[in-house]
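Take a look at the structure set out below.
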Amino acid sequence: MENVYLTIVLAPLIGAIIAGFFGGKIGRRGAHSVTIVGVGVSAALSLWVLSQFIWHDQPVFNDTIYTWMVSDGIHFEVGFLVDKLTVLMMATVSFVSLMVHIYTIGYMADDEHNWPHGALTGRNSYQRFFSYISLFTFSMLMLVMSNNFMQLFFGWEAVGLVSYLLIGFWSTRETAIFANFKAFLVNRVGDFGFILGIAAVGMYFNSMDYVEVFARAPELANTEVALFGGTSLMTLICILLFVGAMGKSAQVPLHVWLPDSMEGPTPISALIHAATMVTAGVFMVARMSPLYELSETALSFILIIGSSTAFFMGLIGLVQNDIKRVVAYSTLSQLGYMVTALGASAYAAGIFHLMTHAFFKALLFLAAGSVIIALHHKQDISQMGGLRKYMPITWLTALFGSLALIGFPGFSGFFSKDAIIEAVGSSQIFGSGYATLLLTVGVLITALYSFRMYFLVFHGKERMDEHTKHHLHETSWVVTLPLVLLAIPSIFIGWYAVEPLLIDNWFASGNWNPIVVAHEHDTLHHLREHWHGQAAFVQHGITALPFFLAMTGLGLAIIIWWAVFRWNPKIDAQIQAAGGPVTQLLQDKYGFDDFNQRVLAGGSRDLGRMLWLTGDRTLIDGMIVNGSAWRVAHMAQWARRLQTGYLYDYAIAMIVGLIGLLTFFVMF
């Protein structure tokens, strides 16, 4: 199986290298063909390996592929740990990536129009984009398949680097450059905590290998470090690692980069925000469950951060008019749900929602991209409307994605989101009550912003200009095919996955348990005890508060943005105006960006200016460089006075010097 796993990882890398270095020679068709074949091979093999784990009890693979070096007894290696958690991530990442690759053929077909005339940066941009997204897939697979912290960090930084290149892909746009620079800096803040956590693991465990660290963790559970008067080692390591997850998975307050990353082309928005980069933090915490189960403080911290992100970021989605930003804030909110599940020790429910979210969120992003293509790259939903009759496939698949997102009964999001809310409600750790309240009310918010966007885009009277309206039509098959293929799991995957993942505890079956949950933290046991099948779960769900809140949100959306909007097209603007300071607060994104710009960025600039004035101009230039030159010049001016050109002056100087030397020798 080692060769199979190597092929899964290396196939996208080979495609990226060929498209990147030889894109000018193989052309557009060659670039997208080689990368799609590479990712297709990876996806096919990943699905085959998943089937082997599901139906044939495939043994866990944990082995070293390459040893880089050994330092002070610590092995730094490239290796794979392929278990049930890994194969689920591999299949999800590679399948969504394949859909994005196919979709990109249509979305980037006219990319030359996005570059200024004659810009060298636009040369072979189509091939370069395919190279980047294939490299992104390779990086994510290296991350999820790693069996040690060094390789985890490599994949972690690699997805960050490639996302920087992709967010700023249209590099002639100032907004794109600002966005990718912002993403890079914010993620460096999180990664600083992440690498400190890994350093602490290396220092106390003397190993980078997952299995060795997890085996020794109970021994060090009560170890304290001399920090803040005594801090639990496990709490310190877990919180530091989670700081990295806060950056990658865009949790408050390190969430600010993700909405701005919409400046990149839509395919990468789907790839980053659906199944890959932003879910890396969720996967990492689930993988580290043997450590997190030893620190309730860290779990409470995760619970509070995740639920705050889920609720407050969802509210911002209500006042956004950019179609991609609405979906982006939806991603922030849903990531909050996943992270909250991790804090409640419902790791399986968090991973379950990660998987279902990957399908319906990729679907929504790609549907948004289909709309953007049809409207000649206009993204303002207030200038759309009535697209249902022009784009029936996009309309229908977007409807399915929206229903899955709000957790409509029977759709995939219903099973995973309800399981999370129930699990968090069963948790006894600090912050669980706060988290349950925010997640439950968040269901109403999700339905409101989802169907506000849906009705403003696809229903009502057309609000675009006549030229755009005249040329409206459904997008090409390379765009609509991925929509259809993503819509299928968005509808059905919950029915098939909920029982094995949450009830039968599929992750824990076999000799190796990738997810460890302490008995006192098991918040899914109520679900298992009262499980009577998927249909009964749906019947129970439609009697619970989250269902009524979701239907209330859906009903309000129908009334406001479908019924009332038909005779009062200004209702959306009027509602936002009526919100007054609340609307302004949401449009200002709670002031996070202003705070960062004025305090952090502004403070950094002021500090730099102070160091320049005092250190560079005053100390280095003033005293050392220019000061030494000034002193040499003045000494030279003084020494010039001795050089008079008169013989008697020199004779007197010689006599005085001789007297001085004689005096010195006599005295000493």
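In the structure tokens, each chain is lettered A, B, ... as it comes, each chain's residues begin at 1, and ligands are numbered from 1 in order of appearance.
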
Q.
Just list as a list in words whatever in segment 213-321 of chain A DSSP marks as strand (DSSP E or B).
A. Glu224, Val225, Thr231 and Ser232 of chain A

List every residue of segment 128-150 of chain A that has an atom at most 12 Å from any atom of segment 31-39 of chain A, and for each one report the closest atom pair and its distance in Å to one decimal, counting only C-alpha atoms, with rows sorted by chain and then by increasing residue number, as JSON lines.
```
{"residue": "A:Arg128", "atom": "CA", "partner": "A:Ala31", "partner_atom": "CA", "distance": 8.4}
{"residue": "A:Phe129", "atom": "CA", "partner": "A:Ala31", "partner_atom": "CA", "distance": 9.3}
{"residue": "A:Phe130", "atom": "CA", "partner": "A:His32", "partner_atom": "CA", "distance": 6.2}
{"residue": "A:Ser131", "atom": "CA", "partner": "A:Thr35", "partner_atom": "CA", "distance": 7.1}
{"residue": "A:Tyr132", "atom": "CA", "partner": "A:Thr35", "partner_atom": "CA", "distance": 9.8}
{"residue": "A:Ile133", "atom": "CA", "partner": "A:Thr35", "partner_atom": "CA", "distance": 8.7}
{"residue": "A:Ser134", "atom": "CA", "partner": "A:Thr35", "partner_atom": "CA", "distance": 6.1}
{"residue": "A:Leu135", "atom": "CA", "partner": "A:Thr35", "partner_atom": "CA", "distance": 9.3}
{"residue": "A:Phe136", "atom": "CA", "partner": "A:Val39", "partner_atom": "CA", "distance": 10.7}
{"residue": "A:Thr137", "atom": "CA", "partner": "A:Val39", "partner_atom": "CA", "distance": 7.7}
{"residue": "A:Phe138", "atom": "CA", "partner": "A:Val39", "partner_atom": "CA", "distance": 8.8}
{"residue": "A:Leu141", "atom": "CA", "partner": "A:Val39", "partner_atom": "CA", "distance": 10.9}
```

Q. Using only C-alpha atoms, which residues sit within 12 Å of Phe312 of chain A once same-chain residues fewer than 5 positions away are excluded, as a list in words?
A.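 These residues fall inside the cut-off: Gln251, Val252, Pro253, His255, Ile304, Ile305, Gly306, Ser307, Gly317, Leu318, Tyr329, Ser330, Leu332, Ser333, Gln334, Gly336, Tyr337, Ala435, Leu438, Leu439, Val441, Gly442, Ile445, Thr446, Leu585, Leu586, Lys589 and Tyr590 of chain A.
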
Q) In terms of the shortest atom-to-atom distance over only C-alpha atoms, which of A:Val78, A:Ile102, A:Val41, A:Leu185 is closest to Arg29 of chain A? A)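 Nearest candidate to Arg29 of chain A out of A:Val78, A:Ile102, A:Val41, A:Leu185: A:Ile102.
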
Q) Using only C-alpha atoms, which residue out of A:Ala419, A:Thr480, A:Leu556, A:Leu501 lies closest to His540 of chain A? A)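 Using only C-alpha atoms, His540 of chain A sits closest to A:Ala419.
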
Q) Hey, what's within 8 Å of Gly160 of chain A if we count only C-alpha atoms and toss same-chain stuff fewer than 2 positions away? As a ChimeraX atom specification, please? A) /A:156-158,162-164,184,187,277

**Q.** Computed interatomic separation between atom CA of Phe154 of chain A and atom CA of Ala19 of chain A (Å)
**A.** 22.3 Å

Q: Fewer than 6 positions away in the same chain doesn't count, so skip those; otherwise give me all residues within 7 Å of Ala367 of chain A, counting only C-alpha atoms, as a PyMOL selection string.
A: chain A and resi 394+398+483

Q) To one decimal place, how far is atom CA of Ser42 of chain A from atom CA of Thr86 of chain A in Å? A)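 Straight-line distance from atom CA of Ser42 of chain A to atom CA of Thr86 of chain A works out to 13.8 Å.
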
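Near segment 653-659 of chain A, within a cut-off of 12 Å and counting only C-alpha atoms, sit the residues Leu642, Gln643, Thr644, Tyr646, Leu647, Phe665 and Val666 of chain A, with same-chain residues fewer than 6 positions away left out.
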
Q) Within 8 Å of segment 373-381 of chain A, counting only C-alpha atoms, which residues qualify if same-chain residues fewer than 4 places away don't, as an MDAnalysis selection string? A) chainID A and resid 107 321:324 369 385 453 456:457 468 471:475

Next, the residues of the selection above should be written as a PDB file, in the first residue's frame with N, CA, C and O atoms.
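What landed in result_10.pdb:
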```pdb
ATOM      1  N   TYR A 107     -14.117  28.608 -15.761  1.00  0.00           N
ATOM      2  CA  TYR A 107     -14.049  29.901 -15.078  1.00  0.00           C
ATOM      3  C   TYR A 107     -12.871  30.737 -15.556  1.00  0.00           C
ATOM      4  O   TYR A 107     -12.978  31.962 -15.692  1.00  0.00           O
ATOM      5  N   ASN A 321     -23.329  42.473   0.496  1.00  0.00           N
ATOM      6  CA  ASN A 321     -23.952  42.473  -0.828  1.00  0.00           C
ATOM      7  C   ASN A 321     -23.090  41.795  -1.888  1.00  0.00           C
ATOM      8  O   ASN A 321     -23.566  41.554  -2.991  1.00  0.00           O
ATOM      9  N   ASP A 322     -21.842  41.522  -1.578  1.00  0.00           N
ATOM     10  CA  ASP A 322     -20.979  40.775  -2.495  1.00  0.00           C
ATOM     11  C   ASP A 322     -21.306  39.292  -2.347  1.00  0.00           C
ATOM     12  O   ASP A 322     -21.233  38.735  -1.249  1.00  0.00           O
ATOM     13  N   ILE A 323     -21.679  38.645  -3.446  1.00  0.00           N
ATOM     14  CA  ILE A 323     -22.153  37.259  -3.378  1.00  0.00           C
ATOM     15  C   ILE A 323     -21.109  36.329  -2.775  1.00  0.00           C
ATOM     16  O   ILE A 323     -21.434  35.412  -2.001  1.00  0.00           O
ATOM     17  N   LYS A 324     -19.838  36.557  -3.086  1.00  0.00           N
ATOM     18  CA  LYS A 324     -18.792  35.691  -2.540  1.00  0.00           C
ATOM     19  C   LYS A 324     -18.544  35.967  -1.060  1.00  0.00           C
ATOM     20  O   LYS A 324     -18.224  35.047  -0.300  1.00  0.00           O
ATOM     21  N   GLY A 369     -19.725  31.400  -8.514  1.00  0.00           N
ATOM     22  CA  GLY A 369     -18.838  31.653  -9.648  1.00  0.00           C
ATOM     23  C   GLY A 369     -19.552  31.532 -10.972  1.00  0.00           C
ATOM     24  O   GLY A 369     -19.276  32.294 -11.914  1.00  0.00           O
ATOM     25  N   GLY A 385     -30.863  39.199  -9.634  1.00  0.00           N
ATOM     26  CA  GLY A 385     -32.295  38.922  -9.636  1.00  0.00           C
ATOM     27  C   GLY A 385     -32.774  38.220 -10.892  1.00  0.00           C
ATOM     28  O   GLY A 385     -32.267  38.446 -11.997  1.00  0.00           O
ATOM     29  N   MET A 453     -29.573  35.807   0.190  1.00  0.00           N
ATOM     30  CA  MET A 453     -28.755  35.752  -1.018  1.00  0.00           C
ATOM     31  C   MET A 453     -29.471  34.985  -2.127  1.00  0.00           C
ATOM     32  O   MET A 453     -29.503  35.428  -3.282  1.00  0.00           O
ATOM     33  N   LEU A 456     -32.416  37.093  -3.619  1.00  0.00           N
ATOM     34  CA  LEU A 456     -31.949  38.289  -4.320  1.00  0.00           C
ATOM     35  C   LEU A 456     -31.233  37.942  -5.622  1.00  0.00           C
ATOM     36  O   LEU A 456     -31.245  38.731  -6.569  1.00  0.00           O
ATOM     37  N   VAL A 457     -30.635  36.762  -5.692  1.00  0.00           N
ATOM     38  CA  VAL A 457     -29.893  36.373  -6.891  1.00  0.00           C
ATOM     39  C   VAL A 457     -30.803  35.714  -7.923  1.00  0.00           C
ATOM     40  O   VAL A 457     -30.768  36.053  -9.112  1.00  0.00           O
ATOM     41  N   THR A 468     -26.233  43.139 -20.136  1.00  0.00           N
ATOM     42  CA  THR A 468     -25.977  41.902 -19.392  1.00  0.00           C
ATOM     43  C   THR A 468     -27.181  40.980 -19.471  1.00  0.00           C
ATOM     44  O   THR A 468     -27.035  39.767 -19.674  1.00  0.00           O
ATOM     45  N   HIS A 471     -27.530  38.968 -22.701  1.00  0.00           N
ATOM     46  CA  HIS A 471     -26.565  37.893 -22.935  1.00  0.00           C
ATOM     47  C   HIS A 471     -26.593  36.816 -21.853  1.00  0.00           C
ATOM     48  O   HIS A 471     -25.697  35.971 -21.799  1.00  0.00           O
ATOM     49  N   LEU A 472     -27.590  36.854 -20.981  1.00  0.00           N
ATOM     50  CA  LEU A 472     -27.664  35.865 -19.908  1.00  0.00           C
ATOM     51  C   LEU A 472     -27.963  34.474 -20.458  1.00  0.00           C
ATOM     52  O   LEU A 472     -28.837  34.300 -21.305  1.00  0.00           O
ATOM     53  N   HIS A 473     -27.233  33.488 -19.966  1.00  0.00           N
ATOM     54  CA  HIS A 473     -27.500  32.093 -20.316  1.00  0.00           C
ATOM     55  C   HIS A 473     -26.770  31.200 -19.327  1.00  0.00           C
ATOM     56  O   HIS A 473     -25.889  31.651 -18.588  1.00  0.00           O
ATOM     57  N   GLU A 474     -27.136  29.928 -19.310  1.00  0.00           N
ATOM     58  CA  GLU A 474     -26.467  28.971 -18.443  1.00  0.00           C
ATOM     59  C   GLU A 474     -25.011  28.805 -18.863  1.00  0.00           C
ATOM     60  O   GLU A 474     -24.668  28.924 -20.037  1.00  0.00           O
ATOM     61  N   THR A 475     -24.162  28.579 -17.879  1.00  0.00           N
ATOM     62  CA  THR A 475     -22.733  28.427 -18.165  1.00  0.00           C
ATOM     63  C   THR A 475     -22.443  27.066 -18.797  1.00  0.00           C
ATOM     64  O   THR A 475     -23.294  26.185 -18.842  1.00  0.00           O
TER      65      THR A 475
END
```

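Using only C-alpha atoms for every distance, the candidate list A:Ser426, A:Thr440, A:Thr663, A:Ser146 yields A:Ser426 as the residue closest to Glu520 of chain A.
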
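The gap separating atom CA of Leu481 of chain A from atom CA of Gly401 of chain A is 14.7 Å, in Å to one decimal.
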